[in-house]
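Quick look at structure-v2.cif (mmCIF, C-alpha atoms and all ligand atoms):
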```cif
data_structure
#
loop_
_atom_site.label_atom_id
_atom_site.label_comp_id
_atom_site.auth_asym_id
_atom_site.auth_seq_id
_atom_site.Cartn_x
_atom_site.Cartn_y
_atom_site.Cartn_z
CA MET K 1 0.00 0.00 0.00
CA GLY K 2 1.37 3.39 -0.93
CA LEU K 3 0.87 6.42 1.25
CA LEU K 4 -1.36 8.10 -1.32
CA ASP K 5 -3.44 5.02 -2.20
CA LYS K 6 -6.28 6.25 -0.04
CA PHE K 7 -6.81 8.96 -2.65
CA ALA K 8 -6.86 6.53 -5.58
CA PRO K 9 -10.53 7.02 -6.61
CA LEU K 10 -10.13 10.79 -6.52
CA ALA K 11 -6.83 10.63 -8.38
CA GLU K 12 -8.47 8.49 -11.09
CA GLN K 13 -11.29 11.01 -11.49
CA TYR K 14 -8.73 13.82 -11.64
CA ARG K 15 -6.77 12.01 -14.35
CA ARG K 16 -9.93 11.35 -16.35
CA HIS K 17 -10.91 15.02 -16.33
CA GLU K 18 -7.37 16.05 -17.18
CA ALA K 19 -7.37 13.73 -20.20
CA ALA K 20 -10.79 14.97 -21.35
CA GLY K 21 -9.82 18.63 -20.94
CA THR K 22 -12.51 19.11 -18.29
CA ASN K 23 -10.36 19.60 -15.21
CA PRO K 24 -11.28 22.95 -13.66
CA PHE K 25 -8.70 22.49 -10.91
CA THR K 26 -5.65 22.91 -13.15
CA VAL K 27 -6.61 25.91 -15.27
CA ALA K 28 -3.70 28.29 -15.87
CA PHE K 29 -4.07 31.69 -17.44
CA ASP K 30 -1.07 32.47 -19.61
CA ARG K 31 -1.68 36.18 -19.28
CA VAL K 32 -4.19 38.20 -17.29
CA LEU K 33 -5.21 41.32 -19.19
CA SER K 34 -7.61 43.09 -16.83
CA PRO K 35 -10.05 42.28 -13.99
CA THR K 36 -12.36 40.73 -16.58
CA GLU K 37 -10.14 39.19 -19.27
CA ALA K 38 -7.24 36.78 -19.59
CA MET K 39 -5.52 34.72 -22.27
CA ILE K 40 -5.18 30.94 -22.35
CA GLY K 41 -2.83 30.30 -25.25
CA ASP K 42 -4.17 32.57 -27.98
CA LYS K 43 -7.76 32.38 -26.74
CA ARG K 44 -9.22 35.46 -25.03
CA ILE K 45 -11.21 34.44 -21.97
CA LEU K 46 -13.94 36.41 -20.23
CA LEU K 47 -13.41 36.01 -16.48
CA LEU K 48 -16.62 35.25 -14.60
CA GLY K 49 -15.10 33.12 -11.88
CA THR K 50 -12.91 35.42 -9.82
CA ASN K 51 -13.96 37.19 -6.63
CA ASN K 52 -12.73 40.54 -7.95
CA TYR K 53 -16.01 42.16 -6.90
CA LEU K 54 -14.93 45.78 -7.26
CA GLY K 55 -12.43 45.13 -10.06
CA LEU K 56 -9.63 46.80 -8.10
CA THR K 57 -6.76 44.49 -9.12
CA TYR K 58 -5.69 46.84 -11.90
CA ASP K 59 -6.57 50.11 -10.17
CA PRO K 60 -3.66 52.51 -10.81
CA SER K 61 -3.49 53.76 -7.21
CA VAL K 62 -3.48 50.19 -5.89
CA ILE K 63 -0.69 49.15 -8.24
CA ASP K 64 1.36 52.31 -7.62
CA SER K 65 1.07 51.83 -3.85
CA ALA K 66 2.27 48.25 -4.13
CA ILE K 67 5.25 49.27 -6.26
CA ALA K 68 6.23 52.21 -4.03
CA ALA K 69 6.04 50.12 -0.84
CA THR K 70 8.03 47.29 -2.42
CA ARG K 71 10.72 49.71 -3.54
CA SER K 72 10.94 51.42 -0.17
CA SER K 73 10.53 48.44 2.16
CA GLY K 74 11.45 45.34 0.18
CA SER K 75 9.69 42.29 -1.17
CA GLY K 76 8.80 40.59 2.09
CA THR K 77 8.95 40.76 5.87
CA THR K 78 10.62 37.35 6.21
CA GLY K 79 8.94 36.58 9.47
CA SER K 80 6.04 36.80 11.87
CA ARG K 81 5.14 40.07 13.51
CA ILE K 82 5.50 38.56 16.97
CA ALA K 83 8.94 37.09 16.38
CA ASN K 84 10.34 39.49 13.80
CA GLY K 85 8.48 42.77 14.21
CA SER K 86 5.78 44.73 12.42
CA TYR K 87 6.32 47.25 9.66
CA GLY K 88 4.66 50.65 9.74
CA GLY K 89 2.29 49.55 6.98
CA HIS K 90 0.79 46.76 9.09
CA ARG K 91 -0.16 49.18 11.84
CA SER K 92 -1.38 51.76 9.36
CA LEU K 93 -3.67 49.23 7.62
CA GLU K 94 -5.00 48.05 10.98
CA ARG K 95 -5.83 51.64 11.93
CA ALA K 96 -7.49 52.18 8.53
CA LEU K 97 -9.64 49.05 8.96
CA ALA K 98 -10.59 49.98 12.54
CA ASP K 99 -11.48 53.49 11.34
CA PHE K 100 -13.58 52.15 8.44
CA TYR K 101 -15.60 49.97 10.80
CA GLY K 102 -15.62 52.52 13.66
CA ARG K 103 -13.97 49.97 15.98
CA LYS K 104 -11.17 50.26 18.49
CA HIS K 105 -9.09 47.33 17.37
CA GLY K 106 -7.97 45.95 14.02
CA MET K 107 -5.75 42.93 13.41
CA VAL K 108 -4.34 41.78 10.09
CA PHE K 109 -3.64 38.13 9.21
CA SER K 110 -1.74 36.74 6.23
CA THR K 111 -4.87 35.23 4.66
CA GLY K 112 -8.61 35.31 5.26
CA TYR K 113 -8.36 31.61 6.00
CA GLN K 114 -5.89 32.33 8.81
CA ALA K 115 -8.08 35.12 10.17
CA ASN K 116 -10.84 32.57 10.74
CA LEU K 117 -8.42 29.96 12.08
CA GLY K 118 -6.84 32.50 14.40
CA ILE K 119 -9.96 34.14 15.76
CA ILE K 120 -12.31 31.18 16.00
CA SER K 121 -9.74 28.87 17.58
CA THR K 122 -8.89 31.40 20.30
CA LEU K 123 -12.18 33.14 21.11
CA ALA K 124 -13.88 29.95 22.25
CA GLY K 125 -11.73 28.03 24.71
CA LYS K 126 -11.90 24.56 26.24
CA ASN K 127 -15.05 25.10 28.28
CA ASP K 128 -16.81 27.30 25.77
CA HIS K 129 -19.24 26.55 22.95
CA LEU K 130 -18.99 27.41 19.28
CA LEU K 131 -22.24 27.52 17.34
CA LEU K 132 -21.56 27.30 13.62
CA ASP K 133 -23.97 27.65 10.70
CA ALA K 134 -23.99 24.27 8.94
CA ASP K 135 -22.95 25.86 5.62
CA SER K 136 -19.90 27.61 7.09
CA HIS K 137 -16.77 28.01 4.98
CA ALA K 138 -14.01 25.44 5.50
CA SER K 139 -11.86 28.04 7.30
CA ILE K 140 -14.54 28.40 9.99
CA TYR K 141 -14.77 24.64 10.47
CA ASP K 142 -10.97 24.39 10.50
CA GLY K 143 -10.80 27.20 13.09
CA ALA K 144 -13.14 25.13 15.26
CA ARG K 145 -10.91 22.07 14.80
CA LEU K 146 -7.82 24.03 15.77
CA GLY K 147 -9.39 25.15 19.06
CA TYR K 148 -10.78 23.20 21.98
CA ALA K 149 -14.35 24.44 22.27
CA GLN K 150 -17.41 22.19 22.00
CA VAL K 151 -18.85 22.62 18.52
CA THR K 152 -22.56 22.71 17.71
CA ARG K 153 -23.83 23.12 14.16
CA PHE K 154 -27.19 24.73 13.55
CA ARG K 155 -29.35 24.56 10.42
CA HIS K 156 -28.19 26.95 7.70
CA ASN K 157 -29.69 30.43 8.12
CA SER K 158 -32.10 29.22 10.82
CA PRO K 159 -32.35 31.55 13.84
CA GLU K 160 -34.99 29.16 15.26
CA ASP K 161 -32.60 26.21 15.23
CA LEU K 162 -29.85 28.38 16.71
CA ALA K 163 -32.22 29.48 19.50
CA ASN K 164 -33.19 25.84 20.20
CA ARG K 165 -29.57 24.82 20.47
CA LEU K 166 -28.68 27.74 22.72
CA ARG K 167 -31.66 26.90 24.93
CA ARG K 168 -30.31 23.37 25.36
CA LEU K 169 -26.92 24.81 26.32
CA LYS K 170 -28.39 27.38 28.71
CA ASP K 171 -27.24 25.67 31.88
CA GLU K 172 -23.88 24.60 30.51
CA PRO K 173 -20.93 26.62 31.79
CA GLY K 174 -18.76 28.60 29.38
CA ASP K 175 -19.25 31.31 26.78
CA LYS K 176 -21.33 30.74 23.65
CA VAL K 177 -19.85 32.10 20.41
CA ILE K 178 -22.00 32.16 17.26
CA VAL K 179 -20.31 32.33 13.85
CA VAL K 180 -22.17 33.25 10.66
CA GLU K 181 -21.25 34.71 7.27
CA GLY K 182 -22.59 37.79 5.51
CA ILE K 183 -23.01 36.39 2.00
CA TYR K 184 -22.47 32.64 1.66
CA SER K 185 -19.84 31.87 -0.94
CA MET K 186 -21.50 28.96 -2.71
CA LEU K 187 -25.12 30.06 -3.31
CA GLY K 188 -24.74 33.80 -2.66
CA ASP K 189 -27.48 33.86 -0.02
CA LYS K 190 -27.39 36.28 2.92
CA ALA K 191 -27.68 35.43 6.62
CA PRO K 192 -30.86 36.63 8.38
CA LEU K 193 -28.61 38.73 10.55
CA ARG K 194 -31.19 40.81 12.38
CA GLU K 195 -32.85 37.62 13.63
CA PHE K 196 -29.50 36.06 14.55
CA ALA K 197 -28.58 39.22 16.47
CA ALA K 198 -31.86 39.02 18.43
CA VAL K 199 -31.10 35.38 19.37
CA LYS K 200 -27.57 36.34 20.39
CA ARG K 201 -28.93 39.06 22.70
CA GLU K 202 -31.59 36.80 24.18
CA TYR K 203 -29.05 34.14 25.16
CA GLY K 204 -26.16 36.42 26.10
CA ALA K 205 -23.93 34.91 23.42
CA TYR K 206 -21.20 36.51 21.32
CA LEU K 207 -21.51 37.00 17.58
CA VAL K 208 -18.75 36.72 14.97
CA VAL K 209 -19.62 37.65 11.36
CA ASP K 210 -17.38 36.66 8.46
CA GLU K 211 -17.97 39.35 5.82
CA ALA K 212 -15.55 37.79 3.28
CA HIS K 213 -18.03 38.07 0.39
CA SER K 214 -20.00 41.08 1.65
CA LEU K 215 -17.26 43.62 2.44
CA GLY K 216 -17.47 46.30 -0.26
CA VAL K 217 -20.64 44.67 -1.56
CA LEU K 218 -23.37 45.38 0.99
CA GLY K 219 -24.23 48.29 3.28
CA GLU K 220 -24.47 51.99 2.66
CA THR K 221 -20.73 52.47 3.01
CA GLY K 222 -19.70 48.93 2.02
CA ARG K 223 -19.09 47.59 5.52
CA GLY K 224 -21.12 44.50 4.74
CA LEU K 225 -24.27 42.73 5.89
CA THR K 226 -23.94 43.92 9.49
CA GLU K 227 -24.22 47.49 8.17
CA GLU K 228 -27.04 46.66 5.76
CA ALA K 229 -29.02 44.88 8.48
CA GLY K 230 -28.33 47.62 11.05
CA VAL K 231 -26.79 45.23 13.59
CA GLU K 232 -23.18 46.38 13.74
CA ALA K 233 -23.41 46.89 17.50
CA ASP K 234 -24.34 43.21 17.91
CA ALA K 235 -21.37 41.87 15.96
CA ASP K 236 -18.61 41.45 18.54
CA PHE K 237 -16.07 40.53 15.90
CA ILE K 238 -16.09 41.15 12.15
CA ILE K 239 -13.79 38.97 10.10
CA GLY K 240 -12.93 39.62 6.48
CA THR K 241 -10.50 39.02 3.68
CA PHE K 242 -8.48 41.19 1.32
CA SER K 243 -8.71 38.60 -1.46
CA LYS K 244 -12.11 39.50 -2.84
CA SER K 245 -13.43 43.09 -3.04
CA LEU K 246 -10.00 44.47 -2.06
CA GLY K 247 -8.27 42.55 -4.85
CA GLY K 248 -5.24 41.32 -2.89
CA VAL K 249 -4.48 38.70 -0.29
CA GLY K 250 -4.75 38.69 3.50
CA GLY K 251 -7.39 38.77 6.22
CA PHE K 252 -8.44 40.78 9.22
CA CYS K 253 -10.66 41.11 12.23
CA VAL K 254 -11.99 44.23 13.91
CA THR K 255 -13.61 44.53 17.31
CA ASP K 256 -14.44 46.93 20.11
CA MET K 257 -13.71 44.33 22.75
CA GLU K 258 -11.46 45.56 25.54
CA GLY K 259 -8.21 43.66 25.77
CA ALA K 260 -8.34 42.32 22.22
CA GLU K 261 -4.62 43.08 21.80
CA VAL K 262 -3.93 39.85 23.69
CA LEU K 263 -5.13 37.91 20.64
CA ARG K 264 -1.80 38.73 19.00
CA VAL K 265 0.00 36.49 21.47
CA VAL K 266 -2.49 33.65 21.73
CA SER K 267 -3.57 33.23 18.13
CA ARG K 268 -1.28 30.63 16.57
CA PRO K 269 -2.08 31.39 12.89
CA TYR K 270 -1.08 35.01 13.63
CA MET K 271 2.02 34.20 15.68
CA PHE K 272 3.50 31.36 13.69
CA SER K 273 3.20 32.62 10.12
CA ALA K 274 5.07 35.34 8.24
CA SER K 275 3.32 38.69 7.98
CA LEU K 276 2.14 40.15 4.67
CA PRO K 277 4.75 41.84 2.44
CA PRO K 278 4.84 45.67 2.37
CA GLY K 279 3.54 45.75 -1.23
CA VAL K 280 0.45 43.72 -0.37
CA ILE K 281 -0.24 45.80 2.73
CA ALA K 282 0.09 49.10 0.86
CA ALA K 283 -2.04 47.85 -2.06
CA THR K 284 -4.74 46.78 0.40
CA GLU K 285 -4.81 50.14 2.15
CA ALA K 286 -5.10 51.86 -1.25
CA ALA K 287 -7.89 49.46 -2.27
CA LEU K 288 -9.73 50.18 0.98
CA HIS K 289 -9.50 53.87 0.16
CA GLU K 290 -11.02 53.19 -3.28
CA LEU K 291 -13.78 51.11 -1.72
CA ARG K 292 -14.60 53.97 0.68
CA THR K 293 -14.50 56.80 -1.82
CA ARG K 294 -16.10 55.20 -4.89
CA PRO K 295 -19.58 53.98 -3.93
CA GLU K 296 -20.40 53.86 -7.64
CA LEU K 297 -18.36 50.64 -7.84
CA ARG K 298 -20.76 48.98 -5.42
CA GLN K 299 -23.73 50.28 -7.38
CA ARG K 300 -22.28 48.94 -10.61
CA LEU K 301 -21.56 45.58 -9.00
CA THR K 302 -25.14 45.32 -7.78
CA GLU K 303 -26.50 46.14 -11.25
CA ASN K 304 -24.23 43.56 -12.88
CA ALA K 305 -25.12 40.91 -10.32
CA GLN K 306 -28.84 41.46 -10.83
CA ARG K 307 -28.42 41.40 -14.60
CA LEU K 308 -26.60 38.05 -14.54
CA TYR K 309 -28.99 36.55 -11.99
CA ARG K 310 -32.10 37.60 -13.92
CA GLY K 311 -30.62 36.52 -17.25
CA LEU K 312 -29.70 33.03 -16.03
CA ALA K 313 -33.01 32.65 -14.17
CA ALA K 314 -34.92 33.60 -17.34
CA LEU K 315 -33.07 30.88 -19.23
CA GLY K 316 -34.38 28.35 -16.74
CA PHE K 317 -31.28 27.72 -14.61
CA GLU K 318 -31.98 26.94 -10.97
CA LEU K 319 -30.06 29.54 -8.95
CA GLY K 320 -29.42 30.50 -5.34
CA PRO K 321 -32.30 32.23 -3.53
CA GLU K 322 -31.40 35.85 -4.25
CA PRO K 323 -29.25 38.00 -6.55
CA SER K 324 -25.76 38.64 -5.25
CA PRO K 325 -22.30 38.86 -6.82
CA VAL K 326 -22.14 35.07 -6.40
CA VAL K 327 -24.50 33.53 -8.97
CA SER K 328 -24.51 29.74 -8.91
CA ALA K 329 -26.44 27.47 -11.23
CA VAL K 330 -27.43 24.13 -9.73
CA MET K 331 -26.34 21.26 -11.98
CA PRO K 332 -28.01 17.83 -12.03
CA SER K 333 -24.66 16.08 -11.40
CA PRO K 334 -20.93 16.78 -11.05
CA GLU K 335 -20.50 15.44 -14.62
CA ALA K 336 -22.98 18.03 -15.90
CA ALA K 337 -21.08 20.75 -14.04
CA PHE K 338 -17.77 19.61 -15.55
CA GLY K 339 -19.37 19.37 -19.00
CA LEU K 340 -20.90 22.85 -19.01
CA TRP K 341 -17.78 24.34 -17.41
CA ALA K 342 -15.57 22.87 -20.16
CA ALA K 343 -17.96 23.94 -22.95
CA LEU K 344 -18.08 27.50 -21.59
CA LEU K 345 -14.31 27.68 -21.30
CA GLN K 346 -13.96 26.37 -24.83
CA ALA K 347 -16.26 29.19 -25.92
CA GLY K 348 -14.16 31.73 -24.00
CA LEU K 349 -15.97 32.05 -20.63
CA TYR K 350 -14.32 31.12 -17.32
CA THR K 351 -16.55 30.07 -14.39
CA ASN K 352 -16.06 27.79 -11.36
CA VAL K 353 -17.11 24.23 -10.65
CA SER K 354 -18.10 23.87 -6.98
CA LEU K 355 -18.67 20.43 -5.50
CA PRO K 356 -19.11 18.83 -2.08
CA PRO K 357 -17.67 19.19 0.52
CA ALA K 358 -17.44 22.88 -0.44
CA THR K 359 -21.12 23.08 -1.38
CA PRO K 360 -24.25 22.74 0.76
CA LYS K 361 -26.60 19.73 0.49
CA GLY K 362 -24.17 17.87 -1.75
CA LEU K 363 -24.97 20.19 -4.66
CA ALA K 364 -22.95 20.37 -7.87
CA LEU K 365 -22.75 24.02 -8.87
CA LEU K 366 -21.50 26.05 -11.76
CA ARG K 367 -20.56 29.20 -9.90
CA SER K 368 -20.08 32.63 -11.40
CA SER K 369 -18.90 35.74 -9.65
CA VAL K 370 -19.56 39.19 -10.93
CA SER K 371 -17.36 42.28 -10.90
CA ALA K 372 -18.10 46.00 -11.05
CA ALA K 373 -15.54 45.97 -13.86
CA HIS K 374 -17.74 43.83 -16.14
CA SER K 375 -19.44 45.75 -18.90
CA ARG K 376 -23.10 45.09 -19.65
CA ALA K 377 -22.01 43.60 -22.96
CA GLN K 378 -19.76 41.13 -21.12
CA ILE K 379 -22.56 40.07 -18.78
CA ASP K 380 -24.92 39.65 -21.74
CA ARG K 381 -22.35 37.61 -23.61
CA ALA K 382 -21.96 35.34 -20.59
CA ILE K 383 -25.73 34.87 -20.36
CA ALA K 384 -25.96 34.12 -24.07
CA LEU K 385 -23.21 31.47 -23.79
CA PHE K 386 -24.91 29.88 -20.79
CA GLY K 387 -28.14 29.76 -22.80
CA GLU K 388 -26.62 28.34 -25.95
CA LEU K 389 -24.40 25.73 -24.29
CA GLY K 390 -26.86 24.91 -21.49
CA ALA K 391 -29.48 24.13 -24.15
CA ARG K 392 -27.02 22.11 -26.22
CA LEU K 393 -26.15 19.99 -23.17
CA GLY K 394 -29.81 19.59 -22.18
CA LEU K 395 -29.45 21.48 -18.93
CA LEU K 396 -32.24 24.01 -19.31
CA THR K 397 -35.66 23.38 -17.85
CA ARG K 398 -37.06 26.23 -19.97
CA SER K 399 -35.43 27.52 -23.08
CA GLU K 400 -36.47 31.09 -23.62
CA ALA K 401 -34.20 33.00 -25.91
CA PHE K 402 -32.21 35.53 -23.94
CA ALA K 403 -33.11 39.13 -24.75
CA PRO K 404 -30.72 41.56 -23.10
CA ALA K 405 -32.46 43.93 -20.64
CA LYS K 406 -32.29 47.57 -21.65
C1 LIG K 501 -16.55 32.91 3.85
C2 LIG K 501 -15.08 32.85 3.62
N1 LIG K 501 -14.25 33.08 4.66
C3 LIG K 501 -12.91 33.03 4.50
C4 LIG K 501 -12.35 32.73 3.29
C5 LIG K 501 -10.85 32.63 3.16
O1 LIG K 501 -10.34 33.77 2.58
P1 LIG K 501 -8.95 33.75 1.77
O2 LIG K 501 -9.18 32.95 0.53
O3 LIG K 501 -8.72 35.18 1.51
O4 LIG K 501 -7.92 33.11 2.63
C6 LIG K 501 -13.16 32.51 2.19
C7 LIG K 501 -12.56 32.22 0.88
O5 LIG K 501 -13.17 31.97 -0.09
C8 LIG K 501 -14.56 32.56 2.36
O6 LIG K 501 -15.39 32.33 1.33
#
```
Using structure tokens, write down the structure from this file.
Amino acid sequence: MGLLDKFAPLAEQYRRHEAAGTNPFTVAFDRVLSPTEAMIGDKRILLLGTNNYLGLTYDPSVIDSAIAATRSSGSGTTGSRIANGSYGGHRSLERALADFYGRKHGMVFSTGYQANLGIISTLAGKNDHLLLDADSHASIYDGARLGYAQVTRFRHNSPEDLANRLRRLKDEPGDKVIVVEGIYSMLGDKAPLREFAAVKREYGAYLVVDEAHSLGVLGETGRGLTEEAGVEADADFIIGTFSKSLGGVGGFCVTDMEGAEVLRVVSRPYMFSASLPPGVIAATEAALHELRTRPELRQRLTENAQRLYRGLAALGFELGPEPSPVVSAVMPSPEAAFGLWAALLQAGLYTNVSLPPATPKGLALLRSSVSAAHSRAQIDRAIALFGELGARLGLLTRSEAFAPAK
């Protein structure tokens, strides 16, 4: 028996898709041209499967900031902030994030994944309870595995089920920490946050909201679902990532909690991993400035998301419950998802295949994500390709011709 034999069925599937040219997990873009276009060989590809929600990856001020910081401070920090020190940029970005959210404390991690690992594993200790939405992102589950708290899952987006579970835990000692997301990354649905906040108050629990997909997307000033739902005061910790609307890499948390500085010396994913390079930090602070000062990007994103959602719904695709920048079409099987994905790519459109365990209810999804940088013509072209190839592969329940909205 070889060490990797346990993966044999998966490896076989992987090889089969590779041979058939339908392996979405090994796509490489030879050249990226803009937030919405790339080249694979000599084929121009329309990008509809990135999380570049505000299209800031090519923003001149973001790029210039990255270059200037790299020139002045070097390519990397070569160590963790605890062991090897912080740079001025780390502190400056933390202050900018705290200021944006109106919170006392901001803390930057090297990825969004690590932000969840670092916060969730430390907030709830050995005698505490974590209450996780069943559809939580892997980084939330992994944060729970890294810590020592008792973990309870509640039904996705169900404040009633959360309340039932908290009631059962009422007489148990320890703190209760609820973790939910703003927009869920697979189906693009939002948490019923006002109702969750009411349950949190009723049971004296703490609330952590991961706004990875809702930062820069929701709320009057782009602070996310907590802002949109008017429950910012109930969210004890907000977690987020720089890798989506901010167009970079990294993660953060903000809080008003007294004493939160101690998290820097108890959170292992913060302590035992190198800090972000100066260029990434400076680019992120510039992107945050763009997010704050250009609300029209959010408006444009919303219009594009609604256009794609309505267009695919009109074709007869089964989608998530509401329009959002994540627009996922439910496929009858993983094979159907691979087939449509490959046909779309062949026609010049890049999307994502999402499968269990990443997806809820074992669904096979063809996931698209929309950017403010997409033109209407690009969105309409994507819808037309979905219609044409979906019909050819027998995946449409209705087959109305797509007529672009005015
Ligand atoms: C809800 C959620 N949280 C955290 C993360 C991790 O963020 P990152 O990829 O920036 O590490 C993701 C990534 O997709 C996510 O969807």
All residues 10 Å or closer to Thr255 of chain K, all atoms listed in the file, same chain fewer than 6 positions away omitted, as a PDB file with C-alpha atoms, keeping the file's coordinate frame:
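Done, and the output landed in around_15.pdb:
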```pdb
ATOM      1  CA  ALA K  98     -10.590  49.980  12.540  1.00  0.00           C
ATOM      2  CA  TYR K 101     -15.600  49.970  10.800  1.00  0.00           C
ATOM      3  CA  GLY K 102     -15.620  52.520  13.660  1.00  0.00           C
ATOM      4  CA  ARG K 103     -13.970  49.970  15.980  1.00  0.00           C
ATOM      5  CA  LYS K 104     -11.170  50.260  18.490  1.00  0.00           C
ATOM      6  CA  HIS K 105      -9.090  47.330  17.370  1.00  0.00           C
ATOM      7  CA  GLY K 106      -7.970  45.950  14.020  1.00  0.00           C
ATOM      8  CA  MET K 107      -5.750  42.930  13.410  1.00  0.00           C
ATOM      9  CA  VAL K 208     -18.750  36.720  14.970  1.00  0.00           C
ATOM     10  CA  ALA K 235     -21.370  41.870  15.960  1.00  0.00           C
ATOM     11  CA  ASP K 236     -18.610  41.450  18.540  1.00  0.00           C
ATOM     12  CA  PHE K 237     -16.070  40.530  15.900  1.00  0.00           C
ATOM     13  CA  ILE K 238     -16.090  41.150  12.150  1.00  0.00           C
ATOM     14  CA  ILE K 239     -13.790  38.970  10.100  1.00  0.00           C
TER      15      ILE K 239
END
```
Calculate, to one decimal in Å, the centre and edge lengths of the box along x, y and z of the file that holds all listed atoms of segment 166-180 of chain K with 6 Å of margin on each side, and present them as lines of an AutoDock Vina configuration file.
```
center_x = -25.2
center_y = 28.3
center_z = 21.3
size_x = 24.9
size_y = 21.9
size_z = 33.2
```
Select all residues near (-32.9, 32.5, 2.4) (cut-off 10 Å, inclusive, file coordinates), counting all atoms listed in the file, and output them as a PyMOL selection string.
chain K and resi 156-158+187-192+320-322
Cut-off 9 Å, only C-alpha atoms and all ligand atoms, neighbours of ligand LIG 501 (chain K) as a short mmCIF file (atom, residue, chain, number, x, y, z; two decimals) with C-alpha atoms, keeping the file's coordinate frame:
```
data_model
loop_
_atom_site.label_atom_id
_atom_site.label_comp_id
_atom_site.auth_asym_id
_atom_site.auth_seq_id
_atom_site.Cartn_x
_atom_site.Cartn_y
_atom_site.Cartn_z
CA ASN K 51 -13.96 37.19 -6.63
CA SER K 110 -1.74 36.74 6.23
CA THR K 111 -4.87 35.23 4.66
CA GLY K 112 -8.61 35.31 5.26
CA TYR K 113 -8.36 31.61 6.00
CA GLN K 114 -5.89 32.33 8.81
CA ALA K 115 -8.08 35.12 10.17
CA ASN K 116 -10.84 32.57 10.74
CA SER K 136 -19.90 27.61 7.09
CA HIS K 137 -16.77 28.01 4.98
CA ALA K 138 -14.01 25.44 5.50
CA SER K 139 -11.86 28.04 7.30
CA ILE K 140 -14.54 28.40 9.99
CA VAL K 180 -22.17 33.25 10.66
CA GLU K 181 -21.25 34.71 7.27
CA GLY K 182 -22.59 37.79 5.51
CA ILE K 183 -23.01 36.39 2.00
CA TYR K 184 -22.47 32.64 1.66
CA SER K 185 -19.84 31.87 -0.94
CA MET K 186 -21.50 28.96 -2.71
CA ASP K 210 -17.38 36.66 8.46
CA GLU K 211 -17.97 39.35 5.82
CA ALA K 212 -15.55 37.79 3.28
CA HIS K 213 -18.03 38.07 0.39
CA ILE K 239 -13.79 38.97 10.10
CA GLY K 240 -12.93 39.62 6.48
CA THR K 241 -10.50 39.02 3.68
CA PHE K 242 -8.48 41.19 1.32
CA SER K 243 -8.71 38.60 -1.46
CA LYS K 244 -12.11 39.50 -2.84
CA GLY K 248 -5.24 41.32 -2.89
CA VAL K 249 -4.48 38.70 -0.29
CA GLY K 250 -4.75 38.69 3.50
CA GLY K 251 -7.39 38.77 6.22
#
```
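Proximity of K:Val199, K:Leu47, K:Leu297, K:Leu130 to Glu160 of chain K, computed with all atoms listed in the file, is greatest for K:Val199.
Using all atoms listed in the file, the contacts of segment 337-341 of chain K at a cut-off of 7 Å, with sequence neighbours closer than 2 positions omitted, comprise Thr22, Met331, Ser333, Pro334, Glu335, Ala343, Leu344, Leu345, Thr351, Val353, Ala364, Leu365, Leu366, Leu389 and Gly390 of chain K.
In this structure, atom CA of Gly74 of chain K sits 22.3 Å away from atom CA of Phe252 of chain K.
Candidate residues K:Ala19, K:Ala134, K:Leu308, K:Ala198 were compared for distance to Thr359 of chain K, and the nearest is K:Ala134, using only C-alpha atoms.
Between atom CA of Pro357 of chain K and atom CA of Glu18 of chain K lies a distance of 20.7 Å.
Taking atom CA of Thr226 of chain K and atom CA of Glu94 of chain K as endpoints, the distance between them is 19.4 Å.
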I'd like the neighbourhood of Ile281 of chain K as a VMD selection string, where a residue qualifies if any of its atoms comes within 8 Å (using only C-alpha atoms), though same-chain residues fewer than 4 positions away should be ignored.
chain K and resid 66 89 to 90 93 276 to 277 285
Which residue of K:Ala163, K:Gly224, K:Phe272, K:Leu246 approaches Tyr53 of chain K most closely, using all atoms listed in the file
K:Leu246
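Close contacts of Val265 of chain K, defined as residues with an atom at most 12 Å away when counting only C-alpha atoms, with chain neighbours fewer than 5 positions off set aside, comprise K:Ser80, K:Arg81, K:Ile82, K:Ala83, K:Met107, K:Gly118, K:Ile119, K:Thr122, K:Gly259, K:Ala260, K:Tyr270, K:Met271, K:Phe272.
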Could you give me, as JSON, numbers by chain, the residues within 10 Å of Val151 of chain K, counting only C-alpha atoms and dropping anything in the same chain fewer than 3 positions from it?
{"K": [124, 128, 129, 130, 131, 132, 141, 144, 145, 147, 148, 154, 176, 177]}
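Nearest-residue note for Thr57 of chain K: choosing from K:Ser371, K:Ser34, K:Gln150, K:Asn23, the minimum distance belongs to K:Ser34, counting all atoms listed in the file.
For the residues K:Gly79, K:Pro360, K:Gly311, K:Gly222, ranking by smallest atom-to-atom distance to Arg155 of chain K using all atoms listed in the file places K:Pro360 first.
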